[in-house]
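Colleague: Please find one structure pasted underneath; my questions will follow.
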Amino acid sequence: MKMSCLKGTTISFSCLKLAFPSYPSSFQNLPFRRTIKPLSAALQTSPATSPSTTKAEDQVARSHWKAAIDFKWIKDNKEAVAANIRNRNSDADLELVLQLYDRFFNLQKEVERVRGERNAVANKMKGKMEQSQRQRLIEEGKNLKEGLIALEEDLLKLNDKLQLEAQRIPNMTHPNVPIGGEDSSMTRKLVGSAPEFSFPVKDHLELGKELCLFDFDTAAEVSGSKFYYLKNDAVLLEMALVNWTLSEVMKRGFTPLTTPELVRSSVVEKCGFQPRGNNTQVYSIEDSDQCLIGTAEIPVGGLHMDSILAETLLPLKYVAFSHCFRTEAGAAGSATRGLYRVHQFSKVEMFIFCRPEESEHYHEELIKIEEDMFSSLGLHFKTLDMASEDLGAPAYRKFDVEAWMPGLERFGEISSASNCTDYQSRRLGIRYRPSEAPVASPKSSKGNLAPPLFVHTLNATACAVPRMIICLLENYQQEDGSILIPEPLRPFMGGRSVISRKL
Amino acid sequence: MKMGCLNGTTISLSCLKLPFPSYPSSFQNVPFRRTIKPLSAALQTSPATSPSTTKAEDQGARSHWKAAIDFKWIKDNKEAVAANIRNRNSDVDLELVLQLYDHFFNLQKEVERVRGERNAVANKMKGKMEQFERQRLIEEGALGTQLPLLCLLGKNLKEGLIALEEDLLKLNDKLQLEAQRIPNMTHPHVPIGGEDSSMTRKLVGSAPEFSFPVKDHLELGKELCLFDFDTAAEVSGSKFYYLKNDAVLLEMALVNWTLSEVMKRGFTPLTTPELVRSSIVEKCGFQPRGNNTQVYSIEDSDQCLIGTAEIPVGGLHMDSILAETLLPLKYVAFSHCFRTEAGAAGSATRGLYRVHQFSKVEMFIFCRPEDSEHYHEELIKIEEDMFSSLGLHFKILDMASEDLGAPAYRKFDVEAWMPGLERFGEISSASNCTDYQSRRLGIRYRPLEAPVASPKKSKSNLAPPKFVHTLNATACAVPRMIICLLENYQQEDGSILIPEPLRPFMGGRSVISRKS
């Protein structure tokens, strides 16, 4: 953009060298914003840190949170990203994202340029000049300002659109993950063997009925279907499972936590869930931006949101106990009886924040912990490397454990361990500052610090109580209808070794 | 109502004797409904048993649940009820309730009467039809004109009846709306007045003396890395928190210990749904949809989050008739509780004292009316024993009439000394709700009779069912207990001594100290 001649002088702004660092791949780092005072109060691309108390839908699009997506990387690896989208059967529109990104990038440059021109005019006005010249400059400045406001609004809207589309792009996939649907999942490990029974096997509902362990019928009246009361020894069994699991995982260096079970919907979204989609798994609170959590993964991920952690703190390992709530909308089929699929349950969850180069190691560690625990309970189970269509957007790789449930006569999922790499951390804004080799300089200035990098996050189920109860009841049933309690749980059940009919 | 002459015969319907029992005091027992087929599908006064999935507000008023209120008793004890309403500072309009009730009562009689007439016409028509068939009279003479006239009469009566019945329903809804607001009666020993009138029943223990500056639980928790309120405010909102490290173990220890202590005393352990239909919340005496409601509601649903396990446990026996031999039913329930704390202001809301989500172990008893005062004493004794064994300094209050809350006939609160807050803070509440909740939840029992030496046992030998009494009491409200333990057992070096009873539940540990 060239200014028209003022007294024969052509002011060429396009050649002004702006004192801005080159556009970094992480759009969140926009240092020039700090040097230029935003003209528009609405100009925000830094992550929203102030809590919002209005419904997400009521918020103006431009105050919706932004993920730190590496657009340059996507552009440079376009084929791989496209293949990944296909393999995962995702409906993200990569072409659209790239188009929007190019437009955004160019518009951003334009905005920078016009800003530069406006600054130049402002600087020029500082000098001495004739009234008429000053008048012309004021006029020019005003035009530039109005033009800039319009451009900046366009930029915001474009950014929102870009984010909306780009956030749907699923995480990349580990090269060893089998490509395809459910049937393509690979068994990594098979542990134990199915127990043999010399009598007719009962399912957990029947066993529970005889032992007065659950009540589904009254819960349906009080709350709705797929709710339940646990009674008598089932309560002790739940407490034993939770206590034992917490202590086992704590032994391995995890910090215990209990978490809020109501969280802001933006945090749910940042973890990769869809609180407001059709068939959403998420319960929302009326007249609020809060939702019930479906897993402690969400509030634990939020524990370090919008933070830069010292590298020495990593890895951060947490074991969290919470109740979980899921609508199970769209879940149909025969295997939804009893405790198998319920709206509310207790769960102990493991969560790790670590450096990128370590996430695969910790993924193996998490699955090992699960395998050790399930083995020590004497369960027969297999560990699966889930296929690409079954990963879910955040997971780079996912191992599921399915345990044998004699009453259901099949394997049923009892846990899931996901490596989400930087998918969640780019949305939650969780980074770490790598320690540098010490520089022998007395002056330690900001320029010596390495730029922060996004952490990797992992999560894994240590114990999903209802599924474990199914496993224990069905596998350890005795001919007389009583249930043997596995050794490790006995100290947590007051030393008892059997659950039998309530006298 | 007399029919016009048909061939000189006067059909007098009003003298027909209808086989209806006299109107019982409990309006729910309206047997005549079962003998007459309802004309209108909307005609329902029996308790709604089918789950509703639409919002309470969206439901037509007539499908809203009905409480089995004893109107006759209220009418007969009008002064006592009015005095009680005044003592409790309730704004319910008793006069209006009594007017509506009289109106309802009379309209109901009218409806019965008109029904009777319609039945008579129907019978007469039936008789005429038989006669017609028997005699096979084909001519459209004398008989022929009677039938159409009867039809017309029947039709008018039917339409009139439909209109009356609709009026009756609407009136019943109005009556219920007002009457449900009438608070429970009050135990004669309850002090009359506000907060300051509550009486101390008992004082246990004494405030610990400290030779060093006392810290409050927030400060202690910060130093020991026990809580995080700041991040929770970002993730969830204010008054939410994470428990970390030893605080998690302390919560688990408190819950495990409390459950085991109460189970030893014969209570059946339970875990409960934490989402319940809003009608259940209302039936327990809470207001899910009022201003400043304590209750979180779920979007696009009639479900709410529970503020206490009292609600789902009360619901456990809703719309049931229990055998007397089953009573008392004693439950100890562990759940998370959710409260909006809307309208809660003031200084004492820092930290764990007032939060939106917490773990609680609750005791609940269903019993015969004559036993409820005994069980109220039993519940408060259990609480006292537990808090004493934890070494707390506390007082037990007999709450004054204005502080009871609508369902409670009598309420004992326990307030424990919190050195960091420098005052007593409520850690539990034990209420005798008599039949307030059971009349709404529809929970009755069948009293046993002295055995009658008759081989024929018919329905009329069974005593009519009566409403149970319900009681509830906090066994352990975890955050308040954590405040008590941290603040009372703090050591000079900032560590916390763990009271004896909890040590086995904390892996034998006796101290919470700085995380190394």
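Ordered as shown in the structure tokens, chains take letters A, B, and onward, while each chain numbers its residues from 1 and ligands are numbered from 1 in the order shown.
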Select residues of chain A: the criterion is any atom within 8 Å of an atom of chain B, counting only C-alpha atoms; output as an MDAnalysis selection string.

Modeller: chainID A and resid 49:51 218:224 227:233 235 239 243 255:264 267 283:287 290 299 302:304 344

Colleague: Selection from above, N, CA and C atoms, as a short mmCIF file (atom, residue, chain, number, x, y, z; two decimals), in the first residue's frame, can you write it?

Modeller:
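selection_33.cif, written as the output of this step:
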data_model
loop_
_atom_site.label_atom_id
_atom_site.label_comp_id
_atom_site.auth_asym_id
_atom_site.auth_seq_id
_atom_site.Cartn_x
_atom_site.Cartn_y
_atom_site.Cartn_z
N THR A 49 -8.08 -16.40 29.93
CA THR A 49 -7.75 -16.90 31.27
C THR A 49 -8.81 -16.55 32.29
N SER A 50 -9.64 -15.55 31.95
CA SER A 50 -10.64 -15.18 32.96
C SER A 50 -11.84 -16.08 32.83
N PRO A 51 -12.30 -16.56 33.96
CA PRO A 51 -13.42 -17.49 33.92
C PRO A 51 -14.66 -16.84 33.32
N THR A 218 -35.58 -49.46 41.81
CA THR A 218 -35.95 -48.25 42.53
C THR A 218 -35.19 -47.05 41.97
N ALA A 219 -33.93 -47.28 41.62
CA ALA A 219 -33.14 -46.17 41.07
C ALA A 219 -33.78 -45.65 39.77
N ALA A 220 -34.42 -46.54 39.02
CA ALA A 220 -35.08 -46.10 37.79
C ALA A 220 -36.24 -45.18 38.12
N GLU A 221 -36.92 -45.43 39.23
CA GLU A 221 -38.02 -44.56 39.66
C GLU A 221 -37.49 -43.23 40.15
N VAL A 222 -36.44 -43.32 40.95
CA VAL A 222 -35.90 -42.12 41.60
C VAL A 222 -35.11 -41.24 40.63
N SER A 223 -34.35 -41.90 39.73
CA SER A 223 -33.43 -41.14 38.89
C SER A 223 -33.61 -41.36 37.40
N GLY A 224 -33.93 -42.60 37.01
CA GLY A 224 -34.02 -42.93 35.59
C GLY A 224 -33.30 -44.23 35.34
N PHE A 227 -29.35 -46.05 36.37
CA PHE A 227 -28.86 -45.62 37.68
C PHE A 227 -29.03 -46.77 38.65
N TYR A 228 -28.34 -46.75 39.78
CA TYR A 228 -28.39 -47.89 40.70
C TYR A 228 -27.97 -47.44 42.09
N TYR A 229 -28.42 -48.21 43.08
CA TYR A 229 -27.87 -48.12 44.43
C TYR A 229 -26.95 -49.32 44.61
N LEU A 230 -25.83 -49.15 45.28
CA LEU A 230 -25.04 -50.29 45.74
C LEU A 230 -25.40 -50.49 47.20
N LYS A 231 -25.50 -51.76 47.62
CA LYS A 231 -25.92 -52.03 48.99
C LYS A 231 -24.99 -53.05 49.63
N ASN A 232 -24.95 -53.03 50.94
CA ASN A 232 -24.25 -54.07 51.70
C ASN A 232 -22.82 -54.28 51.22
N ASP A 233 -22.46 -55.50 50.92
CA ASP A 233 -21.07 -55.80 50.60
C ASP A 233 -20.59 -55.15 49.32
N VAL A 235 -20.97 -52.10 48.62
CA VAL A 235 -20.41 -50.81 49.08
C VAL A 235 -18.99 -51.04 49.59
N MET A 239 -15.44 -49.55 48.10
CA MET A 239 -14.46 -48.85 48.92
C MET A 239 -13.12 -49.58 48.88
N ASN A 243 -9.72 -47.89 47.58
CA ASN A 243 -8.61 -47.77 48.52
C ASN A 243 -7.38 -48.53 48.04
N THR A 255 0.85 -38.85 42.69
CA THR A 255 0.28 -37.97 43.71
C THR A 255 -1.23 -38.12 43.74
N PRO A 256 -1.82 -38.46 44.91
CA PRO A 256 -3.27 -38.63 44.94
C PRO A 256 -4.02 -37.30 44.89
N LEU A 257 -5.18 -37.33 44.26
CA LEU A 257 -6.02 -36.15 44.09
C LEU A 257 -7.49 -36.54 44.20
N THR A 258 -8.33 -35.61 44.72
CA THR A 258 -9.75 -35.68 44.38
C THR A 258 -10.04 -34.39 43.63
N THR A 259 -11.01 -34.42 42.76
CA THR A 259 -11.20 -33.30 41.83
C THR A 259 -12.62 -32.77 41.85
N PRO A 260 -12.82 -31.54 41.35
CA PRO A 260 -14.19 -31.07 41.11
C PRO A 260 -14.85 -31.98 40.07
N GLU A 261 -16.16 -32.18 40.21
CA GLU A 261 -16.88 -32.98 39.23
C GLU A 261 -17.77 -32.10 38.36
N LEU A 262 -17.77 -30.80 38.68
CA LEU A 262 -18.41 -29.80 37.82
C LEU A 262 -17.27 -28.96 37.26
N VAL A 263 -17.20 -28.85 35.94
CA VAL A 263 -16.15 -28.03 35.34
C VAL A 263 -16.75 -27.16 34.24
N ARG A 264 -16.03 -26.10 33.89
CA ARG A 264 -16.50 -25.24 32.80
C ARG A 264 -16.44 -26.02 31.49
N VAL A 267 -13.25 -26.28 29.42
CA VAL A 267 -12.20 -27.22 29.82
C VAL A 267 -12.49 -28.61 29.25
N TYR A 283 -23.29 -34.26 30.52
CA TYR A 283 -24.42 -33.59 31.16
C TYR A 283 -24.04 -32.13 31.37
N SER A 284 -24.94 -31.22 30.97
CA SER A 284 -24.70 -29.80 31.21
C SER A 284 -25.61 -29.30 32.32
N ILE A 285 -25.16 -28.29 33.03
CA ILE A 285 -25.96 -27.69 34.10
C ILE A 285 -26.76 -26.54 33.51
N GLU A 286 -28.02 -26.46 33.91
CA GLU A 286 -28.93 -25.40 33.45
C GLU A 286 -28.41 -24.04 33.87
N ASP A 287 -28.56 -23.05 33.00
CA ASP A 287 -28.19 -21.67 33.32
C ASP A 287 -26.76 -21.53 33.80
N GLN A 290 -21.27 -24.74 33.13
CA GLN A 290 -20.64 -25.90 33.75
C GLN A 290 -21.23 -27.21 33.24
N PRO A 299 -10.67 -32.62 34.84
CA PRO A 299 -10.17 -31.68 35.85
C PRO A 299 -8.68 -31.84 36.13
N GLY A 302 -6.93 -29.95 33.55
CA GLY A 302 -7.09 -28.54 33.85
C GLY A 302 -6.21 -28.04 34.99
N LEU A 303 -5.66 -28.96 35.75
CA LEU A 303 -4.84 -28.59 36.92
C LEU A 303 -3.66 -27.70 36.55
N HIS A 304 -3.12 -27.91 35.35
CA HIS A 304 -1.98 -27.10 34.92
C HIS A 304 -2.26 -26.28 33.68
N GLN A 344 -23.57 -43.10 36.11
CA GLN A 344 -22.74 -42.57 37.19
C GLN A 344 -21.89 -43.68 37.77
#

Colleague: Set the distance at 9 Å and use only C-alpha atoms: which residues neighbour stretch 335-342 of chain A once local chain neighbours fewer than 6 positions away are removed? I'd like the list as an MDAnalysis selection string.

Modeller: chainID A and resid 204:205 216 225:228 325:328 408 412 466:467 469:470

Colleague: From a backbone DSSP assignment, name each residue in stretch 322-466 of chain A labelled alpha helix (DSSP H), as number ranges by chain.

Modeller: A: 359-376, 423-428, 465-466

Colleague: Report, in Å to a single decimal, how far apart atom CA of A:Leu246 and atom CA of A:Gln478 are.

Modeller: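 Interatomic distance here is 28.1 Å.
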
Colleague: Would you compute the distance between atom CA of A:Thr312 and atom CA of B:Phe229? Give it in Å to one decimal.

Modeller: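 Atom-to-atom, atom CA of A:Thr312 to atom CA of B:Phe229, that is 23.9 Å.
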
Colleague: Could you pull out the strand (DSSP E) residues of stretch 249-435 of chain B, going by DSSP on the backbone, and write them as an NGL selection string?

Modeller: :B and (268-271 or 275-277 or 303-305 or 320-323 or 329-338 or 357-367 or 394-398 or 410-418 or 423-432)

Colleague: Using only C-alpha atoms, find the one residue out of A:Gly147, A:Pro195, A:Gly294, A:Gly116 that sits nearest to A:Gly378.

Modeller: A:Pro195
